[in-house]
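What follows is a set of notes on a single structure, which appears directly below.
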Amino acid sequence: MAFDMTMALFRPALKYAMEKNGHGKTLGLKMTEINRGEINLVFPYNEEVVGNPLTGVVHGGVIVSLLDTACGSAAMTVLNTPAVAPTMDLRLDYMHPAEPHKPIYVEAKVYRQTSNVIFCRGLAWQEDKENPIAHCVANFMKVDSKSINFSAIAVTQLRRLMPWGQRSSSEQESGK
């Protein structure tokens with residue numbers, strides 16, 4: 001396989017964005033493989049997201065979030081310019097509940113693209129990939145990168161992460 005400079009640059013940025021921000025950070029997911037059109041991630045069991053405290057089973061919303069995140073990330077890896085790919089449609093089939101106290105593995109792959117839509121499949125499992133917790137098909141819209149101010153987004157995120165980038169509430173109110 002030939003060296004892919006775009007993926008070499010994009011891979012760490014995507015990993016950082018998905019693991020260190022938003023719900024990816026909150027869930028504690030870890031991207032284990034990032035290739036063009038394919039993402040693998042792992043979600044370590046977390047008692048804070050249990051849906052049923054009597055059984056310890058992870059909430060189904062976590063499973064859909066993991067699959068949507070993985071598929072959306074896989075969709076972004078096939079774009080030729082920096083852009084986002086919002087979810088247009090996601091259909092998920094739950095096969096059985098996740099077992100408590102075990103990690104959940106997720107795989108997502110792009111299987112087709114058109115000029116405006118990226119089509120993905122995703123799978124979530126624990127010990128046996130042939131016995132999935134859930135699988136999905138999802139469609140993502142290609143959004144024109146000219147309409148997105150990536151530098152402003154990056155600066156905002158950097159300010160949130162760096163203590164010297166934080167402004168006091170009085171500075172924010174006065175517009176300084």
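By convention here, the chains of the structure tokens are called A, B, ... in the order presented, each chain's residues are numbered starting at 1, and ligands are numbered starting at 1 in the order presented.
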Residues near stretch 100-102 of chain A, cut-off 10 Å, only C-alpha atoms, skip fewer than 2 positions along chain, as number ranges by chain: A: 43-47, 50, 55-58, 97-98, 104-105, 126-127
Counting only C-alpha atoms, the residue of A:Pro132, A:Pro12, A:Gly37, A:Gly22 that sits nearest A:Ile118: A:Gly37
Per-residue DSSP, stretch 21-112 of chain A, filtered to strand (DSSP E), as a PyMOL selection string: chain A and resi 30-35+38-43+50-52+57-58+87-94+104-112
Long-range neighbours of A:Arg91 as a count of residues only, 12 Å cut-off, only C-alpha atoms, 2 positions minimum in chain: 20
Nearest-residue call for A:Val62, choices A:Lys109, A:Thr26, A:Arg36, A:Thr114, using only C-alpha atoms: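 Once distances to A:Val62 are computed over only C-alpha atoms, the minimum belongs to A:Thr26.
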Residue nearest A:Met76 among A:Leu27, A:Ala124, A:Val110, A:Ile133 (counting only C-alpha atoms):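 Result for the nearest residue to A:Met76: A:Val110.
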